[in-house]
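Let me begin by presenting the structure, written as structure tokens, before commenting on it.
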Amino acid sequence: MEKMKLLAEWKYEPKKIERGYAGRTLYVNIGDRSFKEKPVTEDMKEKFVGGRGFGLKLLWDAVKDTTKWNDPENELVISGGPLCGITQYPGSGKCYTVFISPLTEQTYDSNAGGYFGPLLKFSGWDALEVQGKSDRDVILFIDGDNYKVEVYESPFEDINAVTITEALHEYFADSEEDKRNISVASTGKGAETTNWGCLNMSFYDLRRKTPRLKQAGRGGGGTVFRDKKLAAIVVRKRGVGPVSNNPADISVLQRTGLKLHKEIRDLDDQQNKMRKVGTPHLNEIMNEYHLLPVRNYKFGQHPEASKIHSKIFEKLFTQGIPDGCWYGCSMACAKAVDGFELKTGPLKGKKVTVDGPEYETCAGLGSNIGIFDPEWIIEANFYADHYGIDTISLGTGLAFVCECYELGFLNKDITNGLELKFGSKDDLMELIHRMGRGDDKFARIVGLGIHKMKKVFAEKYGAPFDVMEKIGMEGQGIEVSEYVPKESVAQWGGYFLTLKGPQHDEAWLIFMDRVNKQLPTFEDKAEALHYFPNFRLWFSLVGLCKLPWNDIEPADNVIKYKGIEAAKVPEHVQNYVDLFNAVTGKNITKEELIVQSERVYNFQRVFQLRLGKGTRRDHNIPLRAIGPVFPEEWEARAEYYDNELKAAGIDSQGLTTEEKIRKLQEYRLSQWEQLVDAVYKRRGWNKNGIPTVETLKRLGIDYPDVVEVVRKHSKPEDNWEE
Amino acid sequence: MIRVNGEEMEWRPGLTVKDILEAKRFVFPMIGVWINDKPVPRDKFEATTVNDGDEVQVIHMISGG
């Protein structure tokens, strides 16, 4: 690669990390190429902790109430958090990207593994804030070894992820060994041509001699990245080690880490087999419990699901190579298929390493679009990453397109010759390539996302909007991730009463609610929809991965603890309290851990309100998410659904299937409204889903500008009756 | 008759925890079982029988990917 043209340079002073914090954040305006250092105050640490909390705080200060996703003042804020980069405990390399989303027009946050977050912090920065828009494609380089930030003109004609990442690891490293001191954030052409742009964060795999890609997939962060004409952000920091985070008490980190390493070593093979197969262990589990999305969530089970069984992927994944995406992660779930020969597309014939597929990709780019071919899924996974398109959004979006095609709302004239039925492997792959190239009108419409597709299909092609509203699996503009939620009332909330849309990072309550029967009342469900979203949000504040929390558990967890307590995995919760205190020198309790999250949860809710969203109206749910829409869905589980009507006290004698569906929908919609009320009350929000001023005061986030937003939108009639 | 997660299930002499899990197709590996509020270790599922009238609780320890 030729020497790149330097456009701007800024030098900064070295700064030692103190107890998990660099104590400052880096601001870059990529439009006018200016740079700034901002201090991290004690109040910022206390109220926002780090990671997503810092991202939201910095974004709040940077944007106006009217800022849109493609306005120059929108930012990408990337931050790890105080625990990010420790090497003693598994899953400690996560970073979080916060931005206003092109899909939802409100804030979004998306996390990724890889080395980016830790290397950014050890370069001296708790967060990187990128604002403005460049006039040309650029590469932002944070050189943590020489304490400077540089902007280069991008020399790349092909801005797709694998091309750029490989080249930049090579360019900025002095040797093969040195490549692992570098992480590249990139996306691809598909992030320009769709709203589903993901961010790929790399780490260099010395054994495979290739960079690996981990995705901050959801919400369209990659689309914002390309809108700013960023081709890549590169960070380099050499000499990272076990004490780079300068923790208050290293011995606690070592002791706590060793305990979990031992659990993983002794128990993972009997539990979730994360080290051998990673998250695809869920493929067959979800199928057994009617939760695997099949054909746009119409069904939860399919006879051909055995073809995507984890045993098949276990054989395809390269085994015997440590697969952690940050130092010290013995859970090692980052699976890869090596030497995979691509059969289609611009890299046809090339042998590549494909990261994944994860469960979500197996389901989204597999069963949900009627495809049960592991090799096809791997190929689609590769190209989605390469083009910078989120596999989950793509899978759910394509499933919607396939159903619209089969219902006759679309045809070959509209799709420019593609037959987009469920299972149409060749034509669906071609559609993905067209999205990656951006030269096809129909592919561009698909890339808008389901929320906008519904409007375009209705306006341009006369498709019935009311039917698409029922079957389009999105909420707040975000495609539903890959679990069938329709039989769990609590999971309706886990998906659709969320801050940013139906992603499963807030709460996954299907088994607890529907199978274990642990949440019989609306108040029980509301309590779970308070605790679990807040507990899980905490990972995003500190820089940790969720998986080591409950994808492994102590051998006696289910003996020592009963019911919902066991589901919290109390010993692992204590690990997190201990880790936080050992790094920061603070002394929080497990209850204070939840309050840390609750502050940011409510702050983000107010932020959505400030941007014109964040009310009850925005917590929409499609009918497909709460039950069958068409007779074939009912008939596939007729006995089950007849019993559901009976349990609801509805006499189904003499009713047609269509009438039964309508009755069940009416009943479940009334349940939905009761759930919404119960959850809002538990969260300290008013009837319209707005946090009350009392809630802001209790949490200590009653900053004048935050209170002003709440007061502006709250009405007396939205208060709860005493 | 026994109750499993609140639902009635036919009982027969010699019915084990493992039999119940198989009949219900509860295949998830991280499962906790309590019989009349007493926990059953995972390695004793095959050897533990239930009595007529027992209350069985089967808890899947999963909260998503």
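Residue numbering restarts at 1 in every chain; chains get A, B, ... in the order shown in the structure tokens, and ligands count up from 1 in that same order.
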
List every residue of chain A that has an atom at most 6 Å from any atom of chain B, giving for each one its closest atom pair and the distance in Å to one decimal, counting only C-alpha atoms, sorted by chain and then by ascending residue number, as a Markdown table.
| residue | atom | partner | partner_atom | distance |
| --- | --- | --- | --- | --- |
| A:Gln271 | CA | B:Pro29 | CA | 5.6 |
| A:Trp508 | CA | B:Ser63 | CA | 4.7 |
| A:Leu509 | CA | B:Ser63 | CA | 5.9 |
| A:Asn516 | CA | B:Ile59 | CA | 5.3 |
| A:Val558 | CA | B:Gly32 | CA | 5.2 |
| A:Ile559 | CA | B:Pro39 | CA | 5.5 |
| A:Ala567 | CA | B:Met61 | CA | 5.7 |

Give me the residues near Glu666 in chain A as a PDB file with all heavy atoms, in the first residue's frame, where near means some atom within 12 Å (using only C-alpha atoms) and where sequence neighbours in that chain fewer than 6 positions away do not count.
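around07.pdb was written with the following content:
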ATOM      1  N   LEU A 623     -48.894  -7.141  15.257  1.00  0.00           N
ATOM      2  CA  LEU A 623     -49.736  -8.281  15.666  1.00  0.00           C
ATOM      3  C   LEU A 623     -48.996  -9.614  15.559  1.00  0.00           C
ATOM      4  O   LEU A 623     -49.233 -10.516  16.352  1.00  0.00           O
ATOM      5  CB  LEU A 623     -51.019  -8.323  14.825  1.00  0.00           C
ATOM      6  CG  LEU A 623     -52.084  -7.287  15.200  1.00  0.00           C
ATOM      7  CD1 LEU A 623     -53.284  -7.401  14.253  1.00  0.00           C
ATOM      8  CD2 LEU A 623     -52.543  -7.447  16.645  1.00  0.00           C
ATOM      9  N   ILE A 626     -47.546 -10.841  18.754  1.00  0.00           N
ATOM     10  CA  ILE A 626     -48.360 -11.277  19.899  1.00  0.00           C
ATOM     11  C   ILE A 626     -49.226 -12.495  19.581  1.00  0.00           C
ATOM     12  O   ILE A 626     -49.972 -12.954  20.443  1.00  0.00           O
ATOM     13  CB  ILE A 626     -49.263 -10.140  20.448  1.00  0.00           C
ATOM     14  CG1 ILE A 626     -50.273  -9.669  19.413  1.00  0.00           C
ATOM     15  CG2 ILE A 626     -48.421  -8.975  20.947  1.00  0.00           C
ATOM     16  CD1 ILE A 626     -51.354  -8.783  20.007  1.00  0.00           C
ATOM     17  N   GLY A 627     -49.124 -13.021  18.368  1.00  0.00           N
ATOM     18  CA  GLY A 627     -49.902 -14.222  18.047  1.00  0.00           C
ATOM     19  C   GLY A 627     -50.013 -14.434  16.553  1.00  0.00           C
ATOM     20  O   GLY A 627     -49.450 -13.682  15.754  1.00  0.00           O
ATOM     21  N   PRO A 628     -50.760 -15.475  16.163  1.00  0.00           N
ATOM     22  CA  PRO A 628     -50.917 -15.756  14.730  1.00  0.00           C
ATOM     23  C   PRO A 628     -51.664 -14.639  14.009  1.00  0.00           C
ATOM     24  O   PRO A 628     -52.552 -14.011  14.584  1.00  0.00           O
ATOM     25  CB  PRO A 628     -51.764 -17.035  14.711  1.00  0.00           C
ATOM     26  CG  PRO A 628     -51.675 -17.599  16.077  1.00  0.00           C
ATOM     27  CD  PRO A 628     -51.456 -16.457  17.007  1.00  0.00           C
ATOM     28  N   VAL A 629     -51.291 -14.438  12.758  1.00  0.00           N
ATOM     29  CA  VAL A 629     -51.981 -13.449  11.914  1.00  0.00           C
ATOM     30  C   VAL A 629     -52.806 -14.166  10.843  1.00  0.00           C
ATOM     31  O   VAL A 629     -53.929 -13.787  10.539  1.00  0.00           O
ATOM     32  CB  VAL A 629     -50.961 -12.487  11.261  1.00  0.00           C
ATOM     33  CG1 VAL A 629     -51.614 -11.634  10.189  1.00  0.00           C
ATOM     34  CG2 VAL A 629     -50.327 -11.586  12.329  1.00  0.00           C
ATOM     35  N   LEU A 645     -57.196 -19.917  23.890  1.00  0.00           N
ATOM     36  CA  LEU A 645     -58.503 -19.230  23.925  1.00  0.00           C
ATOM     37  C   LEU A 645     -59.294 -19.670  25.146  1.00  0.00           C
ATOM     38  O   LEU A 645     -59.895 -18.850  25.847  1.00  0.00           O
ATOM     39  CB  LEU A 645     -59.300 -19.560  22.657  1.00  0.00           C
ATOM     40  CG  LEU A 645     -59.071 -18.702  21.418  1.00  0.00           C
ATOM     41  CD1 LEU A 645     -60.086 -19.095  20.343  1.00  0.00           C
ATOM     42  CD2 LEU A 645     -59.221 -17.207  21.706  1.00  0.00           C
ATOM     43  N   ALA A 648     -58.213 -18.163  28.242  1.00  0.00           N
ATOM     44  CA  ALA A 648     -58.592 -16.737  28.298  1.00  0.00           C
ATOM     45  C   ALA A 648     -60.090 -16.577  28.571  1.00  0.00           C
ATOM     46  O   ALA A 648     -60.604 -15.453  28.624  1.00  0.00           O
ATOM     47  CB  ALA A 648     -58.217 -16.052  26.989  1.00  0.00           C
ATOM     48  N   ILE A 650     -62.512 -17.688  26.579  1.00  0.00           N
ATOM     49  CA  ILE A 650     -63.240 -17.408  25.335  1.00  0.00           C
ATOM     50  C   ILE A 650     -63.770 -18.716  24.767  1.00  0.00           C
ATOM     51  O   ILE A 650     -63.015 -19.681  24.582  1.00  0.00           O
ATOM     52  CB  ILE A 650     -62.309 -16.714  24.311  1.00  0.00           C
ATOM     53  CG1 ILE A 650     -61.856 -15.360  24.857  1.00  0.00           C
ATOM     54  CG2 ILE A 650     -63.001 -16.541  22.960  1.00  0.00           C
ATOM     55  CD1 ILE A 650     -60.683 -14.764  24.131  1.00  0.00           C
ATOM     56  N   GLU A 659     -61.885 -16.204  12.835  1.00  0.00           N
ATOM     57  CA  GLU A 659     -62.568 -15.597  13.993  1.00  0.00           C
ATOM     58  C   GLU A 659     -61.795 -15.879  15.284  1.00  0.00           C
ATOM     59  O   GLU A 659     -61.684 -15.025  16.160  1.00  0.00           O
ATOM     60  CB  GLU A 659     -63.996 -16.136  14.104  1.00  0.00           C
ATOM     61  CG  GLU A 659     -64.920 -15.570  13.040  1.00  0.00           C
ATOM     62  CD  GLU A 659     -66.234 -16.333  12.913  1.00  0.00           C
ATOM     63  OE1 GLU A 659     -66.302 -17.521  13.318  1.00  0.00           O
ATOM     64  OE2 GLU A 659     -67.192 -15.738  12.397  1.00  0.00           O
ATOM     65  N   LYS A 660     -61.259 -17.079  15.377  1.00  0.00           N
ATOM     66  CA  LYS A 660     -60.465 -17.415  16.566  1.00  0.00           C
ATOM     67  C   LYS A 660     -59.231 -16.504  16.659  1.00  0.00           C
ATOM     68  O   LYS A 660     -58.876 -16.024  17.736  1.00  0.00           O
ATOM     69  CB  LYS A 660     -59.998 -18.877  16.501  1.00  0.00           C
ATOM     70  CG  LYS A 660     -61.091 -19.891  16.737  1.00  0.00           C
ATOM     71  CD  LYS A 660     -60.474 -21.286  16.623  1.00  0.00           C
ATOM     72  CE  LYS A 660     -61.503 -22.376  16.696  1.00  0.00           C
ATOM     73  NZ  LYS A 660     -60.901 -23.707  16.472  1.00  0.00           N
ATOM     74  N   TRP A 672     -51.554  -6.629  26.491  1.00  0.00           N
ATOM     75  CA  TRP A 672     -50.441  -5.712  26.173  1.00  0.00           C
ATOM     76  C   TRP A 672     -50.618  -4.375  26.890  1.00  0.00           C
ATOM     77  O   TRP A 672     -49.697  -3.857  27.518  1.00  0.00           O
ATOM     78  CB  TRP A 672     -50.352  -5.537  24.652  1.00  0.00           C
ATOM     79  CG  TRP A 672     -49.533  -4.365  24.182  1.00  0.00           C
ATOM     80  CD1 TRP A 672     -50.002  -3.220  23.614  1.00  0.00           C
ATOM     81  CD2 TRP A 672     -48.105  -4.207  24.238  1.00  0.00           C
ATOM     82  NE1 TRP A 672     -48.960  -2.367  23.306  1.00  0.00           N
ATOM     83  CE2 TRP A 672     -47.780  -2.953  23.679  1.00  0.00           C
ATOM     84  CE3 TRP A 672     -47.066  -5.013  24.690  1.00  0.00           C
ATOM     85  CZ2 TRP A 672     -46.483  -2.472  23.574  1.00  0.00           C
ATOM     86  CZ3 TRP A 672     -45.763  -4.537  24.588  1.00  0.00           C
ATOM     87  CH2 TRP A 672     -45.477  -3.291  24.040  1.00  0.00           C
ATOM     88  N   GLU A 673     -51.834  -3.823  26.823  1.00  0.00           N
ATOM     89  CA  GLU A 673     -52.072  -2.524  27.466  1.00  0.00           C
ATOM     90  C   GLU A 673     -51.877  -2.625  28.982  1.00  0.00           C
ATOM     91  O   GLU A 673     -51.333  -1.705  29.607  1.00  0.00           O
ATOM     92  CB  GLU A 673     -53.490  -2.010  27.143  1.00  0.00           C
ATOM     93  CG  GLU A 673     -53.709  -1.673  25.665  1.00  0.00           C
ATOM     94  CD  GLU A 673     -52.755  -0.596  25.127  1.00  0.00           C
ATOM     95  OE1 GLU A 673     -52.341   0.284  25.896  1.00  0.00           O
ATOM     96  OE2 GLU A 673     -52.402  -0.660  23.934  1.00  0.00           O
TER      97      GLU A 673
END

Problem set entry | Expected answer as a PyMOL selection string: helix (DSSP H, G or I) residues in chain B | chain B and resi 17-23+42-44

For this session: Any chance you could list, as a list of chain:residue names, the residues in chain B that come up strand (DSSP E) when DSSP is run on the backbone?
Result: B:Ile2, B:Arg3, B:Val4, B:Glu7, B:Glu8, B:Met9, B:Ile31, B:Gly32, B:Val33, B:Trp34, B:Ile35, B:Lys38, B:Pro39, B:Val40, B:Glu55, B:Val56, B:Gln57, B:Val58, B:Ile59, B:His60

Generate a file of the selected residues that holds N, CA and C atoms, formatted as a CSV table (one decimal), in the first residue's frame.
chain,number,residue,atom,x,y,z
B,2,ILE,N,-49.3,-35.5,39.0
B,2,ILE,CA,-48.4,-34.6,39.5
B,2,ILE,C,-48.6,-33.2,38.9
B,3,ARG,N,-47.9,-32.2,39.4
B,3,ARG,CA,-48.0,-30.9,38.7
B,3,ARG,C,-46.6,-30.5,38.3
B,4,VAL,N,-46.4,-30.1,37.1
B,4,VAL,CA,-45.1,-29.6,36.6
B,4,VAL,C,-45.3,-28.2,36.1
B,7,GLU,N,-48.8,-27.2,35.7
B,7,GLU,CA,-49.7,-27.9,34.8
B,7,GLU,C,-49.7,-29.4,35.3
B,8,GLU,N,-50.9,-30.0,35.2
B,8,GLU,CA,-51.1,-31.4,35.6
B,8,GLU,C,-50.4,-32.3,34.6
B,9,MET,N,-49.8,-33.4,35.1
B,9,MET,CA,-49.2,-34.4,34.3
B,9,MET,C,-49.4,-35.8,34.9
B,31,ILE,N,-30.8,-26.6,33.5
B,31,ILE,CA,-32.1,-26.7,34.0
B,31,ILE,C,-32.0,-26.9,35.5
B,32,GLY,N,-32.8,-26.3,36.3
B,32,GLY,CA,-32.9,-26.6,37.8
B,32,GLY,C,-34.2,-27.2,38.1
B,33,VAL,N,-34.2,-28.2,38.9
B,33,VAL,CA,-35.5,-28.9,39.2
B,33,VAL,C,-35.7,-28.9,40.8
B,34,TRP,N,-36.9,-28.6,41.2
B,34,TRP,CA,-37.2,-28.7,42.6
B,34,TRP,C,-38.5,-29.6,42.7
B,35,ILE,N,-38.4,-30.5,43.7
B,35,ILE,CA,-39.6,-31.3,43.9
B,35,ILE,C,-40.1,-30.9,45.3
B,38,LYS,N,-37.8,-28.8,47.2
B,38,LYS,CA,-36.4,-29.3,47.5
B,38,LYS,C,-35.7,-29.5,46.2
B,39,PRO,N,-34.4,-28.9,46.1
B,39,PRO,CA,-33.7,-29.0,44.8
B,39,PRO,C,-33.2,-30.4,44.5
B,40,VAL,N,-33.1,-30.7,43.3
B,40,VAL,CA,-32.5,-32.0,42.8
B,40,VAL,C,-31.3,-31.7,42.0
B,55,GLU,N,-45.3,-31.7,43.6
B,55,GLU,CA,-45.2,-30.5,42.9
B,55,GLU,C,-43.8,-30.3,42.3
B,56,VAL,N,-43.7,-30.3,41.0
B,56,VAL,CA,-42.4,-30.2,40.4
B,56,VAL,C,-42.2,-28.9,39.7
B,57,GLN,N,-41.1,-28.3,40.0
B,57,GLN,CA,-40.8,-27.0,39.3
B,57,GLN,C,-39.5,-27.2,38.5
B,58,VAL,N,-39.6,-26.9,37.2
B,58,VAL,CA,-38.5,-27.0,36.3
B,58,VAL,C,-38.1,-25.6,35.8
B,59,ILE,N,-36.9,-25.2,36.1
B,59,ILE,CA,-36.5,-23.8,35.8
B,59,ILE,C,-35.4,-23.8,34.8
B,60,HIS,N,-35.7,-23.2,33.7
B,60,HIS,CA,-34.6,-23.1,32.6
B,60,HIS,C,-33.8,-21.8,32.9

Nearby residues (only C-alpha atoms) at most 6 Å from Lys351 in chain A, same-chain spacing under 4 positions excluded, as a tab-separated table (two decimals) with C-alpha atoms, in the first residue's frame:
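Contents of out-v5.tsv, as written:
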chain	number	residue	atom	x	y	z
A	339	GLY	CA	-10.50	-21.53	4.40
A	340	PHE	CA	-14.08	-20.95	3.30
A	341	GLU	CA	-14.23	-20.64	-0.49

Exercise. Within 8 Å of range 371-376 of chain A, counting only C-alpha atoms, which residues qualify if same-chain residues fewer than 6 places away don't, as number ranges by chain?
Worked result: A: 304-305, 307-308, 312-313, 362, 365, 422-425

Problem set entry | All residues 8 Å or closer to Arg238 in chain A, only C-alpha atoms, same chain fewer than 5 positions away omitted, as a PyMOL selection string | chain A and resi 144-145+178+181

Restricting it to C-alpha atoms, dump the selection as an mmCIF file, in the first residue's frame.
data_model
loop_
_atom_site.group_PDB
_atom_site.id
_atom_site.type_symbol
_atom_site.label_atom_id
_atom_site.label_comp_id
_atom_site.auth_asym_id
_atom_site.auth_seq_id
_atom_site.Cartn_x
_atom_site.Cartn_y
_atom_site.Cartn_z
ATOM 1 C CA GLY A 144 -1.394 5.877 21.315
ATOM 2 C CA ASP A 145 2.334 5.179 21.076
ATOM 3 C CA ASP A 178 2.747 -5.763 15.953
ATOM 4 C CA ASN A 181 -1.542 -3.812 18.797
#

Exercise. What lies within 9 Å of Met1 in chain B using only C-alpha atoms, ignoring chain neighbours under 5 positions off, as a list in words?
Worked result: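 My list of contacting residues is Glu8, Met9, Glu10, Trp11, Arg12, Asn51, Asp52, Gly53 and Asp54 of chain B.
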
Could you pull the residues within 6 Å of Glu46 in chain B, counting only C-alpha atoms, minus those fewer than 2 positions along the same chain, as an mmCIF file with N, CA, C and O atoms, in the first residue's frame?
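This went into out29.cif:
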data_model
loop_
_atom_site.group_PDB
_atom_site.id
_atom_site.type_symbol
_atom_site.label_atom_id
_atom_site.label_comp_id
_atom_site.auth_asym_id
_atom_site.auth_seq_id
_atom_site.Cartn_x
_atom_site.Cartn_y
_atom_site.Cartn_z
ATOM 1 N N LYS B 18 -35.815 -37.287 34.963
ATOM 2 C CA LYS B 18 -35.371 -37.364 33.559
ATOM 3 C C LYS B 18 -36.555 -37.674 32.637
ATOM 4 O O LYS B 18 -36.683 -37.089 31.555
ATOM 5 N N LYS B 44 -28.473 -36.076 39.447
ATOM 6 C CA LYS B 44 -29.395 -37.053 40.066
ATOM 7 C C LYS B 44 -30.758 -37.102 39.350
ATOM 8 O O LYS B 44 -31.685 -37.732 39.844
ATOM 9 N N THR B 48 -33.654 -39.862 40.405
ATOM 10 C CA THR B 48 -34.667 -39.329 41.331
ATOM 11 C C THR B 48 -36.075 -39.608 40.808
ATOM 12 O O THR B 48 -36.429 -39.203 39.701
#

Problem set entry | Separation of CA of Lys335 in chain A from CA of Gln270 in chain A in Å |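 The value is 18.6 Å.
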
For this session: Choose the residue, out of A:Gly241, A:Ile264, A:Trp196, A:Phe457, that has the smallest atom-to-atom separation from Gly395 in chain A; count only C-alpha atoms.
Result: A:Trp196

Exercise. Closest to Lys24 in chain B among A:Asp323, A:Glu288, A:Asp158, A:Glu635, using only C-alpha atoms?
Worked result: A:Glu288

Exercise. In Å to one decimal, how far is CA of Phe496 in chain A from CA of His713 in chain A?
Worked result: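 Distance between the two atoms: 21.3 Å.
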
For this session: Could you jot down the CA of Gln503 in chain A to CA of Pro280 in chain A separation for me, Å, one decimal place?
Result: 17.8 Å
